[in-house]
$ cat upload_5.cif   # mmCIF, C-alpha atoms
data_work
loop_
_atom_site.group_PDB
_atom_site.id
_atom_site.type_symbol
_atom_site.label_atom_id
_atom_site.label_comp_id
_atom_site.auth_asym_id
_atom_site.auth_seq_id
_atom_site.Cartn_x
_atom_site.Cartn_y
_atom_site.Cartn_z
ATOM 1 C CA MET A 1 0.000 0.000 0.000
ATOM 2 C CA VAL A 2 1.347 3.399 -0.956
ATOM 3 C CA ALA A 3 1.581 5.857 1.918
ATOM 4 C CA PRO A 4 -0.599 8.933 1.452
ATOM 5 C CA LYS A 5 1.238 12.144 0.699
ATOM 6 C CA PRO A 6 1.614 14.149 3.914
ATOM 7 C CA LEU A 7 -0.647 17.190 4.266
ATOM 8 C CA HIS A 8 2.407 19.371 4.572
ATOM 9 C CA ASP A 9 3.685 18.223 1.160
ATOM 10 C CA ARG A 10 0.289 18.638 -0.438
ATOM 11 C CA ALA A 11 -0.009 22.180 0.884
ATOM 12 C CA LEU A 12 3.468 22.938 -0.426
ATOM 13 C CA ASP A 13 2.492 21.468 -3.809
ATOM 14 C CA ASN A 14 -0.554 23.718 -3.928
ATOM 15 C CA LEU A 15 1.459 26.811 -3.077
ATOM 16 C CA ARG A 16 4.053 25.880 -5.697
ATOM 17 C CA PHE A 17 1.302 25.398 -8.276
ATOM 18 C CA ILE A 18 -0.154 28.843 -7.493
ATOM 19 C CA ARG A 19 3.248 30.506 -7.764
ATOM 20 C CA GLN A 20 4.115 28.761 -11.041
ATOM 21 C CA THR A 21 0.716 29.581 -12.526
ATOM 22 C CA MET A 22 1.114 33.223 -11.543
ATOM 23 C CA GLU A 23 4.605 33.316 -13.053
ATOM 24 C CA ARG A 24 3.439 31.785 -16.308
ATOM 25 C CA ALA A 25 0.317 33.965 -16.415
ATOM 26 C CA GLY A 26 2.327 37.111 -15.987
ATOM 27 C CA SER A 27 4.262 35.923 -18.938
ATOM 28 C CA PHE A 28 1.703 35.944 -21.562
ATOM 29 C CA THR A 29 4.505 37.898 -22.351
ATOM 30 C CA ALA A 30 4.627 39.810 -25.216
ATOM 31 C CA VAL A 31 8.337 39.043 -25.434
ATOM 32 C CA PRO A 32 8.636 36.532 -28.279
ATOM 33 C CA GLY A 33 11.316 33.905 -27.596
ATOM 34 C CA TRP A 34 11.840 32.702 -31.158
ATOM 35 C CA GLY A 35 11.860 36.302 -32.347
ATOM 36 C CA GLN A 36 14.672 36.988 -29.894
ATOM 37 C CA VAL A 37 16.624 34.020 -31.227
ATOM 38 C CA ALA A 38 16.219 35.335 -34.785
ATOM 39 C CA VAL A 39 17.324 38.811 -33.688
ATOM 40 C CA GLY A 40 20.357 37.223 -32.008
ATOM 41 C CA VAL A 41 21.353 35.456 -35.206
ATOM 42 C CA THR A 42 21.072 38.630 -37.298
ATOM 43 C CA ALA A 43 23.061 40.508 -34.618
ATOM 44 C CA LEU A 44 25.896 37.989 -34.903
ATOM 45 C CA VAL A 45 25.917 38.529 -38.655
ATOM 46 C CA ALA A 46 25.885 42.301 -38.093
ATOM 47 C CA ALA A 47 28.781 42.056 -35.627
ATOM 48 C CA PHE A 48 30.772 40.046 -38.162
ATOM 49 C CA LEU A 49 30.093 42.619 -40.897
ATOM 50 C CA ALA A 50 30.585 45.663 -38.653
ATOM 51 C CA ALA A 51 34.004 44.427 -37.534
ATOM 52 C CA ARG A 52 35.098 44.554 -41.187
ATOM 53 C CA GLN A 53 34.025 48.140 -41.842
ATOM 54 C CA ALA A 54 36.776 50.653 -42.523
ATOM 55 C CA THR A 55 35.222 53.751 -40.945
ATOM 56 C CA PRO A 56 33.152 54.507 -37.812
ATOM 57 C CA GLU A 57 30.385 55.778 -40.115
ATOM 58 C CA LEU A 58 30.136 52.430 -41.903
ATOM 59 C CA TRP A 59 30.314 50.592 -38.571
ATOM 60 C CA LEU A 60 27.463 52.755 -37.281
ATOM 61 C CA ALA A 61 25.470 52.255 -40.482
ATOM 62 C CA THR A 62 25.841 48.482 -40.163
ATOM 63 C CA TRP A 63 24.479 48.463 -36.631
ATOM 64 C CA LEU A 64 21.694 50.913 -37.437
ATOM 65 C CA GLY A 65 20.723 48.600 -40.303
ATOM 66 C CA GLU A 66 20.694 45.720 -37.830
ATOM 67 C CA ALA A 67 18.494 47.784 -35.497
ATOM 68 C CA VAL A 68 15.925 48.201 -38.276
ATOM 69 C CA VAL A 69 16.032 44.467 -39.095
ATOM 70 C CA ALA A 70 15.768 43.570 -35.399
ATOM 71 C CA LEU A 71 12.837 45.938 -34.945
ATOM 72 C CA ALA A 72 11.024 44.342 -37.879
ATOM 73 C CA ILE A 73 11.714 40.794 -36.661
ATOM 74 C CA GLY A 74 10.944 41.557 -33.015
ATOM 75 C CA GLY A 75 7.805 43.529 -33.849
ATOM 76 C CA SER A 76 6.349 40.927 -36.198
ATOM 77 C CA ALA A 77 7.205 38.086 -33.792
ATOM 78 C CA MET A 78 5.479 39.996 -30.997
ATOM 79 C CA VAL A 79 2.354 40.487 -33.087
ATOM 80 C CA ARG A 80 2.350 36.819 -34.147
ATOM 81 C CA LYS A 81 2.725 35.647 -30.562
ATOM 82 C CA ALA A 82 -0.075 37.934 -29.432
ATOM 83 C CA TYR A 83 -2.337 36.695 -32.252
ATOM 84 C CA ALA A 84 -1.613 33.076 -31.374
ATOM 85 C CA VAL A 85 -3.340 33.562 -28.024
ATOM 86 C CA HIS A 86 -5.810 36.147 -29.343
ATOM 87 C CA ASP A 87 -4.159 38.742 -27.170
ATOM 88 C CA PRO A 88 -4.796 42.340 -28.245
ATOM 89 C CA ILE A 89 -1.372 43.822 -28.854
ATOM 90 C CA LEU A 90 -2.340 47.299 -27.672
ATOM 91 C CA SER A 91 -3.709 46.168 -24.343
ATOM 92 C CA GLY A 92 -2.664 43.582 -21.796
ATOM 93 C CA PRO A 93 0.906 42.304 -21.499
ATOM 94 C CA GLY A 94 2.098 43.822 -24.796
ATOM 95 C CA ARG A 95 1.055 47.291 -23.773
ATOM 96 C CA ARG A 96 2.574 46.926 -20.312
ATOM 97 C CA PHE A 97 5.860 45.770 -21.811
ATOM 98 C CA GLY A 98 5.875 48.546 -24.414
ATOM 99 C CA LEU A 99 5.270 51.288 -21.872
ATOM 100 C CA GLY A 100 8.299 50.202 -19.879
ATOM 101 C CA PHE A 101 10.505 49.355 -22.836
ATOM 102 C CA LEU A 102 10.052 52.420 -25.042
ATOM 103 C CA PRO A 103 11.434 55.272 -22.891
ATOM 104 C CA PRO A 104 14.994 53.844 -22.650
ATOM 105 C CA MET A 105 14.893 53.148 -26.407
ATOM 106 C CA ILE A 106 13.965 56.752 -27.131
ATOM 107 C CA VAL A 107 16.788 57.955 -24.880
ATOM 108 C CA GLY A 108 19.096 55.528 -26.708
ATOM 109 C CA GLY A 109 18.155 57.132 -30.027
ATOM 110 C CA LEU A 110 18.821 60.622 -28.706
ATOM 111 C CA LEU A 111 22.155 59.637 -27.183
ATOM 112 C CA THR A 112 23.197 57.962 -30.428
ATOM 113 C CA VAL A 113 22.839 61.269 -32.263
ATOM 114 C CA ALA A 114 24.503 63.248 -29.456
ATOM 115 C CA LEU A 115 27.472 60.887 -29.057
ATOM 116 C CA TYR A 116 28.014 60.595 -32.802
ATOM 117 C CA ARG A 117 28.011 64.386 -33.193
ATOM 118 C CA ALA A 118 30.473 64.700 -30.310
ATOM 119 C CA GLY A 119 32.791 62.183 -31.960
ATOM 120 C CA GLN A 120 32.254 59.709 -29.118
ATOM 121 C CA SER A 121 31.156 56.749 -31.231
ATOM 122 C CA HIS A 122 33.269 54.400 -29.114
ATOM 123 C CA ALA A 123 30.759 54.950 -26.277
ATOM 124 C CA LEU A 124 27.847 53.730 -28.409
ATOM 125 C CA PRO A 125 28.111 49.949 -27.749
ATOM 126 C CA GLY A 126 28.005 50.473 -23.970
ATOM 127 C CA THR A 127 25.199 53.007 -24.249
ATOM 128 C CA TRP A 128 23.079 50.809 -26.523
ATOM 129 C CA LEU A 129 23.597 47.642 -24.493
ATOM 130 C CA SER A 130 22.925 49.381 -21.156
ATOM 131 C CA LEU A 131 19.781 51.161 -22.329
ATOM 132 C CA TYR A 132 18.462 48.088 -24.118
ATOM 133 C CA GLY A 133 18.973 46.168 -20.869
ATOM 134 C CA ALA A 134 17.282 48.944 -18.910
ATOM 135 C CA GLY A 135 14.319 48.654 -21.297
ATOM 136 C CA PHE A 136 13.948 44.960 -20.530
ATOM 137 C CA VAL A 137 14.262 45.584 -16.805
ATOM 138 C CA THR A 138 11.554 48.253 -16.793
ATOM 139 C CA GLY A 139 9.310 46.560 -19.382
ATOM 140 C CA GLY A 140 9.863 43.198 -17.741
ATOM 141 C CA ALA A 141 8.919 44.483 -14.302
ATOM 142 C CA PHE A 142 5.385 43.368 -15.215
ATOM 143 C CA SER A 143 6.461 40.109 -16.777
ATOM 144 C CA VAL A 144 8.126 36.861 -15.783
ATOM 145 C CA ARG A 145 11.391 37.039 -13.915
ATOM 146 C CA ILE A 146 13.503 35.934 -16.842
ATOM 147 C CA VAL A 147 12.740 39.112 -18.804
ATOM 148 C CA PRO A 148 14.253 41.560 -16.272
ATOM 149 C CA VAL A 149 17.080 39.079 -15.646
ATOM 150 C CA MET A 150 17.902 39.246 -19.341
ATOM 151 C CA GLY A 151 17.837 43.044 -19.033
ATOM 152 C CA ILE A 152 20.305 42.949 -16.151
ATOM 153 C CA CYS A 153 22.652 40.739 -18.192
ATOM 154 C CA PHE A 154 22.523 43.285 -21.029
ATOM 155 C CA MET A 155 23.324 46.048 -18.538
ATOM 156 C CA VAL A 156 26.324 44.098 -17.222
ATOM 157 C CA VAL A 157 27.667 43.608 -20.751
ATOM 158 C CA GLY A 158 26.921 47.278 -21.403
ATOM 159 C CA ALA A 159 28.923 48.303 -18.349
ATOM 160 C CA ALA A 160 31.847 46.192 -19.571
ATOM 161 C CA ALA A 161 31.621 47.988 -22.928
ATOM 162 C CA LEU A 162 31.448 51.421 -21.301
ATOM 163 C CA PHE A 163 34.396 50.918 -18.986
ATOM 164 C CA GLY A 164 36.458 48.371 -20.920
ATOM 165 C CA PRO A 165 38.783 49.105 -23.836
ATOM 166 C CA ALA A 166 37.059 50.622 -26.868
ATOM 167 C CA ALA A 167 38.357 47.724 -28.958
ATOM 168 C CA TRP A 168 36.001 45.372 -27.076
ATOM 169 C CA GLY A 169 32.932 47.305 -28.233
ATOM 170 C CA ASN A 170 31.993 45.284 -31.304
ATOM 171 C CA ALA A 171 32.735 41.943 -29.643
ATOM 172 C CA LEU A 172 30.565 42.869 -26.660
ATOM 173 C CA MET A 173 27.777 43.866 -29.062
ATOM 174 C CA ALA A 174 28.010 40.331 -30.467
ATOM 175 C CA VAL A 175 27.946 38.860 -26.949
ATOM 176 C CA GLY A 176 24.955 40.979 -25.918
ATOM 177 C CA PHE A 177 22.745 41.426 -28.953
ATOM 178 C CA GLY A 178 23.810 38.070 -30.385
ATOM 179 C CA GLY A 179 24.549 35.689 -27.522
ATOM 180 C CA LEU A 180 22.141 36.944 -24.859
ATOM 181 C CA HIS A 181 19.264 37.167 -27.348
ATOM 182 C CA ILE A 182 19.810 33.598 -28.479
ATOM 183 C CA VAL A 183 20.231 32.110 -24.995
ATOM 184 C CA PHE A 184 17.346 33.967 -23.332
ATOM 185 C CA GLY A 185 15.188 33.718 -26.457
ATOM 186 C CA MET A 186 15.425 29.932 -26.370
ATOM 187 C CA ILE A 187 14.530 29.837 -22.681
ATOM 188 C CA ILE A 188 11.541 32.142 -23.197
ATOM 189 C CA ALA A 189 10.414 30.206 -26.280
ATOM 190 C CA ARG A 190 10.559 26.863 -24.489
ATOM 191 C CA ARG A 191 9.056 27.917 -21.184
ATOM 192 C CA TYR A 192 6.743 30.774 -22.025
ATOM 193 C CA GLY A 193 4.824 29.833 -25.089
ATOM 194 C CA GLY A 194 6.979 30.648 -28.092
ATOM 195 C CA MET B 1 -6.545 0.055 -5.684
ATOM 196 C CA ALA B 2 -4.225 0.456 -2.701
ATOM 197 C CA LYS B 3 -3.107 3.770 -4.136
ATOM 198 C CA HIS B 4 -6.713 4.866 -4.443
ATOM 199 C CA VAL B 5 -7.472 3.908 -0.854
ATOM 200 C CA ALA B 6 -4.396 5.781 0.354
ATOM 201 C CA ALA B 7 -5.415 8.899 -1.556
ATOM 202 C CA ARG B 8 -8.911 8.690 -0.089
ATOM 203 C CA LYS B 9 -7.465 8.332 3.365
ATOM 204 C CA ALA B 10 -5.316 11.439 2.923
ATOM 205 C CA GLU B 11 -8.363 13.333 1.660
ATOM 206 C CA ALA B 12 -10.355 12.207 4.683
ATOM 207 C CA ILE B 13 -7.612 13.310 7.037
ATOM 208 C CA GLU B 14 -7.398 16.675 5.321
ATOM 209 C CA THR B 15 -11.101 17.362 5.355
ATOM 210 C CA GLY B 16 -11.536 16.036 8.846
ATOM 211 C CA LEU B 17 -8.649 17.861 10.428
ATOM 212 C CA LYS B 18 -9.962 20.066 13.170
ATOM 213 C CA GLY B 19 -7.118 22.352 13.877
ATOM 214 C CA GLU B 20 -6.863 23.088 17.425
ATOM 215 C CA ARG B 21 -3.357 24.117 16.355
ATOM 216 C CA GLY B 22 -3.472 27.833 15.733
ATOM 217 C CA GLY B 23 -7.175 27.745 15.012
ATOM 218 C CA LEU B 24 -6.559 25.886 11.756
ATOM 219 C CA ARG B 25 -9.496 23.994 10.329
ATOM 220 C CA ALA B 26 -8.750 22.154 7.120
ATOM 221 C CA ALA B 27 -12.480 21.509 6.918
ATOM 222 C CA ASP B 28 -12.846 25.236 6.172
ATOM 223 C CA LEU B 29 -10.852 24.812 2.988
ATOM 224 C CA ASP B 30 -12.508 26.501 0.038
ATOM 225 C CA ARG B 31 -13.297 23.425 -2.029
ATOM 226 C CA LEU B 32 -14.342 25.590 -4.934
ATOM 227 C CA ILE B 33 -10.847 26.801 -5.664
ATOM 228 C CA HIS B 34 -9.053 23.763 -4.265
ATOM 229 C CA GLU B 35 -9.595 21.995 -7.595
ATOM 230 C CA ARG B 36 -6.518 22.424 -9.801
ATOM 231 C CA VAL B 37 -8.050 24.004 -12.912
ATOM 232 C CA ARG B 38 -10.120 26.436 -10.852
ATOM 233 C CA LEU B 39 -7.119 27.240 -8.653
ATOM 234 C CA GLY B 40 -5.154 27.872 -11.848
ATOM 235 C CA ILE B 41 -7.836 30.198 -13.251
ATOM 236 C CA VAL B 42 -8.008 32.242 -10.047
ATOM 237 C CA SER B 43 -4.198 32.388 -9.682
ATOM 238 C CA ALA B 44 -3.703 33.467 -13.295
ATOM 239 C CA LEU B 45 -6.357 36.166 -13.040
ATOM 240 C CA ALA B 46 -4.826 37.433 -9.793
ATOM 241 C CA VAL B 47 -1.809 38.704 -11.733
ATOM 242 C CA ASN B 48 -3.677 39.975 -14.791
ATOM 243 C CA ASP B 49 -6.437 42.526 -15.208
ATOM 244 C CA ALA B 50 -8.154 40.144 -17.578
ATOM 245 C CA LEU B 51 -7.382 37.004 -19.552
ATOM 246 C CA SER B 52 -9.165 35.639 -22.577
ATOM 247 C CA PHE B 53 -10.566 32.134 -22.805
ATOM 248 C CA ASN B 54 -7.796 31.142 -25.215
ATOM 249 C CA GLN B 55 -5.086 32.554 -22.987
ATOM 250 C CA LEU B 56 -6.383 30.614 -20.005
ATOM 251 C CA LYS B 57 -6.733 27.464 -22.088
ATOM 252 C CA ALA B 58 -3.119 27.704 -23.287
ATOM 253 C CA LEU B 59 -1.838 28.617 -19.855
ATOM 254 C CA LEU B 60 -3.570 25.791 -18.024
ATOM 255 C CA LYS B 61 -3.116 23.309 -20.887
ATOM 256 C CA THR B 62 -6.701 22.199 -20.701
ATOM 257 C CA THR B 63 -9.563 21.609 -23.119
ATOM 258 C CA ASP B 64 -12.345 23.995 -24.118
ATOM 259 C CA GLY B 65 -14.965 21.913 -22.334
ATOM 260 C CA ASN B 66 -12.996 21.505 -19.141
ATOM 261 C CA LEU B 67 -12.159 25.189 -18.929
ATOM 262 C CA SER B 68 -15.761 26.201 -19.658
ATOM 263 C CA VAL B 69 -17.139 23.985 -16.902
ATOM 264 C CA HIS B 70 -14.674 25.175 -14.277
ATOM 265 C CA ALA B 71 -14.939 28.832 -15.274
ATOM 266 C CA ARG B 72 -18.721 28.579 -15.038
ATOM 267 C CA ARG B 73 -18.481 27.254 -11.485
ATOM 268 C CA LEU B 74 -16.281 30.185 -10.505
ATOM 269 C CA GLU B 75 -18.670 32.567 -12.227
ATOM 270 C CA ASP B 76 -21.606 31.059 -10.345
ATOM 271 C CA ALA B 77 -19.745 31.670 -7.095
ATOM 272 C CA GLN B 78 -19.045 35.240 -8.280
ATOM 273 C CA TYR B 79 -15.313 34.686 -7.991
ATOM 274 C CA ILE B 80 -14.803 35.735 -11.603
ATOM 275 C CA THR B 81 -16.752 37.696 -14.186
ATOM 276 C CA CYS B 82 -17.079 36.817 -17.819
ATOM 277 C CA THR B 83 -17.444 39.342 -20.637
ATOM 278 C CA LYS B 84 -18.273 38.320 -24.162
ATOM 279 C CA SER B 85 -17.502 40.681 -27.003
ATOM 280 C CA PHE B 86 -16.384 40.770 -30.618
ATOM 281 C CA GLU B 87 -12.976 41.747 -31.840
ATOM 282 C CA GLY B 88 -13.735 42.433 -35.473
ATOM 283 C CA ARG B 89 -15.745 39.360 -36.379
ATOM 284 C CA ILE B 90 -14.083 37.092 -33.859
ATOM 285 C CA PRO B 91 -15.976 36.427 -30.635
ATOM 286 C CA LYS B 92 -13.943 36.979 -27.530
ATOM 287 C CA THR B 93 -14.572 35.774 -23.998
ATOM 288 C CA GLU B 94 -12.674 37.551 -21.265
ATOM 289 C CA TYR B 95 -12.464 36.729 -17.590
ATOM 290 C CA ARG B 96 -11.669 38.962 -14.627
ATOM 291 C CA LEU B 97 -11.195 38.207 -10.956
ATOM 292 C CA THR B 98 -13.748 39.812 -8.625
ATOM 293 C CA GLY B 99 -13.060 41.141 -5.143
ATOM 294 C CA ALA B 100 -14.677 38.018 -3.705
ATOM 295 C CA GLY B 101 -12.419 35.839 -5.870
ATOM 296 C CA ARG B 102 -9.305 37.683 -4.748
ATOM 297 C CA ARG B 103 -10.313 37.343 -1.102
ATOM 298 C CA ALA B 104 -11.002 33.640 -1.627
ATOM 299 C CA LEU B 105 -7.511 33.160 -3.066
ATOM 300 C CA GLU B 106 -5.973 35.066 -0.157
ATOM 301 C CA ARG B 107 -7.893 32.897 2.307
ATOM 302 C CA TYR B 108 -6.767 29.798 0.457
ATOM 303 C CA LEU B 109 -3.118 30.925 0.566
ATOM 304 C CA ASP B 110 -3.441 31.666 4.288
ATOM 305 C CA HIS B 111 -4.958 28.266 4.758
ATOM 306 C CA MET B 112 -2.144 26.447 2.963
ATOM 307 C CA GLU B 113 0.462 28.395 4.921
ATOM 308 C CA ALA B 114 -1.312 27.658 8.181
ATOM 309 C CA LEU B 115 -1.454 23.975 7.251
ATOM 310 C CA ILE B 116 2.278 23.921 6.606
ATOM 311 C CA HIS B 117 2.950 25.772 9.831
ATOM 312 C CA ALA B 118 0.696 23.450 11.821
ATOM 313 C CA THR B 119 2.280 20.269 10.466
ATOM 314 C CA ARG B 120 5.781 21.648 11.044
ATOM 315 C CA HIS B 121 5.148 22.734 14.589
ATOM 316 C CA GLY B 122 2.352 20.377 15.526
#
$ encode --input "upload_5.cif" --output "structure tokens"
Amino acid sequence: MVAPKPLHDRALDNLRFIRQTMERAGSFTAVPGWGQVAVGVTALVAAFLAARQATPELWLATWLGEAVVALAIGGSAMVRKAYAVHDPILSGPGRRFGLGFLPPMIVGGLLTVALYRAGQSHALPGTWLSLYGAGFVTGGAFSVRIVPVMGICFMVVGAAALFGPAAWGNALMAVGFGGLHIVFGMIIARRYGG
Amino acid sequence: MAKHVAARKAEAIETGLKGERGGLRAADLDRLIHERVRLGIVSALAVNDALSFNQLKALLKTTDGNLSVHARRLEDAQYITCTKSFEGRIPKTEYRLTGAGRRALERYLDHMEALIHATRHG
């Protein structure tokens, strides 16, 4: 005869179930895992191409091109994920994420212009990575834990780019926008519905 | 069979437990949200303003019929509200947690914690 599960264990199971359900529910996240993986792959290609550019202008153009591609991939993946669960993109989790994510991106755009004009292009990788991470931390404050954790990782890589040698900039862009997107994208895709 | 008997026995102990320990009474357990799918619905809605039928179905990995039945029971108890609308031409069913539902979940959480505390220190 199998011994009945102790009440204590059953209560713990119930609490665990509630917590896991809440975590998953908060994650009808708008953040699309497979979209992140795709963005990571294009970022690795961009890093490879950018490293071969002769001038800072061409390097910047390569990464700005990647930003447009990433925006298109990320945006369409977000819409597809929202449609898959009939989630209105302009309300619910998508809206909450967008409200937190957009302000650091806007600041990133402004700083890009300001730093480029000041001839401080070497500070761009750190600025982009840090602000992108900040966007995931603030946007992800309403989402599952992995989203702000990903943001913190971006901020750490961004800090390394800001305070490390300028020569590390492009490689750290590959680590952040390439590596972190792929790793976290796969986790989000597998655990949080695509 | 033995497994079934054991499970029944545990259930009987749980429902029959009169907690003199810290005033805990497992018999007071809210059976309505003790069931897994219903507990899942209430928990999911506790962290969202509203969730659609399809979102809940995907989240709880359950069938249309099962979700409908359990959601209806929660609606009947006024733990959740259901709104039906159209998004374009597509019908949409959306659920929200009511104040009574939130309080029921809080009571349930308190109950589970008290149960753990009682069995640890009992």
$ residues_around --input "upload_5.cif" --residues "Gly109 (chain A)" --least-positions-apart "4" --cutoff "12 Å" --atoms "all atoms listed in the file" --output "number ranges by chain"
A: 64, 67, 102-105, 113-116, 124, 127-128, 131-132
$ write_last_selection --input "upload_5.cif" --atoms "C-alpha atoms" --output "short mmCIF file (atom, residue, chain, number, x, y, z; two decimals), in the frame of the given file"
data_model
loop_
_atom_site.label_atom_id
_atom_site.label_comp_id
_atom_site.auth_asym_id
_atom_site.auth_seq_id
_atom_site.Cartn_x
_atom_site.Cartn_y
_atom_site.Cartn_z
CA LEU A 64 21.69 50.91 -37.44
CA ALA A 67 18.49 47.78 -35.50
CA LEU A 102 10.05 52.42 -25.04
CA PRO A 103 11.43 55.27 -22.89
CA PRO A 104 14.99 53.84 -22.65
CA MET A 105 14.89 53.15 -26.41
CA VAL A 113 22.84 61.27 -32.26
CA ALA A 114 24.50 63.25 -29.46
CA LEU A 115 27.47 60.89 -29.06
CA TYR A 116 28.01 60.60 -32.80
CA LEU A 124 27.85 53.73 -28.41
CA THR A 127 25.20 53.01 -24.25
CA TRP A 128 23.08 50.81 -26.52
CA LEU A 131 19.78 51.16 -22.33
CA TYR A 132 18.46 48.09 -24.12
#
$ closest_residue --input "upload_5.cif" --among "B:Glu75, B:Ala100, B:Asp64, B:Glu87" --to "chain A" --atoms "all atoms listed in the file"
B:Glu87
$ residues_around --input "upload_5.cif" --residues "region 88-94 of chain B" --least-positions-apart "3" --cutoff "9 Å" --atoms "all atoms listed in the file" --output "PyMOL selection string"
(chain A and resi 86) or (chain B and resi 50-54+81-85)
$ closest_residue --input "upload_5.cif" --among "A:Ile106, A:Ala174, A:Val45, A:Ala38" --to "Ala77 (chain A)" --atoms "only C-alpha atoms"
A:Ala38
$ closest_residue --input "upload_5.cif" --among "A:Ala47, A:Val144, A:Leu111, A:Met78" --to "chain B" --atoms "all atoms listed in the file"
A:Val144
$ atom_distance --input "upload_5.cif" --atom1 "CA of Ser121 (chain A)" --atom2 "CA of Thr62 (chain A)"
13.3 Å
$ closest_residue --input "upload_5.cif" --among "A:Phe17, A:Trp168, A:Phe136, A:Phe177" --to "Phe97 (chain A)" --atoms "all atoms listed in the file"
A:Phe136
$ atom_distance --input "upload_5.cif" --atom1 "CA of Ile146 (chain A)" --atom2 "CA of Gly194 (chain A)"
14.0 Å
$ decode --input "upload_5.cif" --residues "region 30-45 of chain B" --atoms "N, CA and C atoms" --output "short mmCIF file (atom, residue, chain, number, x, y, z; two decimals), in the first residue's frame"
data_model
loop_
_atom_site.label_atom_id
_atom_site.label_comp_id
_atom_site.auth_asym_id
_atom_site.auth_seq_id
_atom_site.Cartn_x
_atom_site.Cartn_y
_atom_site.Cartn_z
N ASP B 30 -11.59 26.13 1.11
CA ASP B 30 -12.51 26.50 0.04
C ASP B 30 -12.40 25.47 -1.08
N ARG B 31 -13.33 24.52 -1.06
CA ARG B 31 -13.30 23.43 -2.03
C ARG B 31 -13.44 23.93 -3.46
N LEU B 32 -14.09 25.07 -3.59
CA LEU B 32 -14.34 25.59 -4.93
C LEU B 32 -13.04 25.91 -5.67
N ILE B 33 -12.10 26.49 -4.96
CA ILE B 33 -10.85 26.80 -5.66
C ILE B 33 -9.74 25.80 -5.33
N HIS B 34 -10.06 24.78 -4.57
CA HIS B 34 -9.05 23.76 -4.27
C HIS B 34 -8.77 22.92 -5.51
N GLU B 35 -9.76 22.79 -6.37
CA GLU B 35 -9.60 22.00 -7.59
C GLU B 35 -8.57 22.69 -8.49
N ARG B 36 -7.68 21.86 -9.11
CA ARG B 36 -6.52 22.42 -9.80
C ARG B 36 -6.84 23.43 -10.92
N VAL B 37 -7.77 23.08 -11.79
CA VAL B 37 -8.05 24.00 -12.91
C VAL B 37 -8.62 25.31 -12.37
N ARG B 38 -9.52 25.20 -11.40
CA ARG B 38 -10.12 26.44 -10.85
C ARG B 38 -9.07 27.25 -10.09
N LEU B 39 -8.20 26.54 -9.37
CA LEU B 39 -7.12 27.24 -8.65
C LEU B 39 -6.21 27.95 -9.66
N GLY B 40 -5.97 27.28 -10.79
CA GLY B 40 -5.15 27.87 -11.85
C GLY B 40 -5.81 29.12 -12.43
N ILE B 41 -7.12 29.04 -12.68
CA ILE B 41 -7.84 30.20 -13.25
C ILE B 41 -7.72 31.40 -12.31
N VAL B 42 -8.02 31.15 -11.03
CA VAL B 42 -8.01 32.24 -10.05
C VAL B 42 -6.59 32.80 -9.89
N SER B 43 -5.59 31.94 -9.85
CA SER B 43 -4.20 32.39 -9.68
C SER B 43 -3.76 33.22 -10.89
N ALA B 44 -4.11 32.75 -12.08
CA ALA B 44 -3.70 33.47 -13.29
C ALA B 44 -4.37 34.84 -13.36
N LEU B 45 -5.64 34.89 -12.98
CA LEU B 45 -6.36 36.17 -13.04
C LEU B 45 -5.89 37.13 -11.94
#
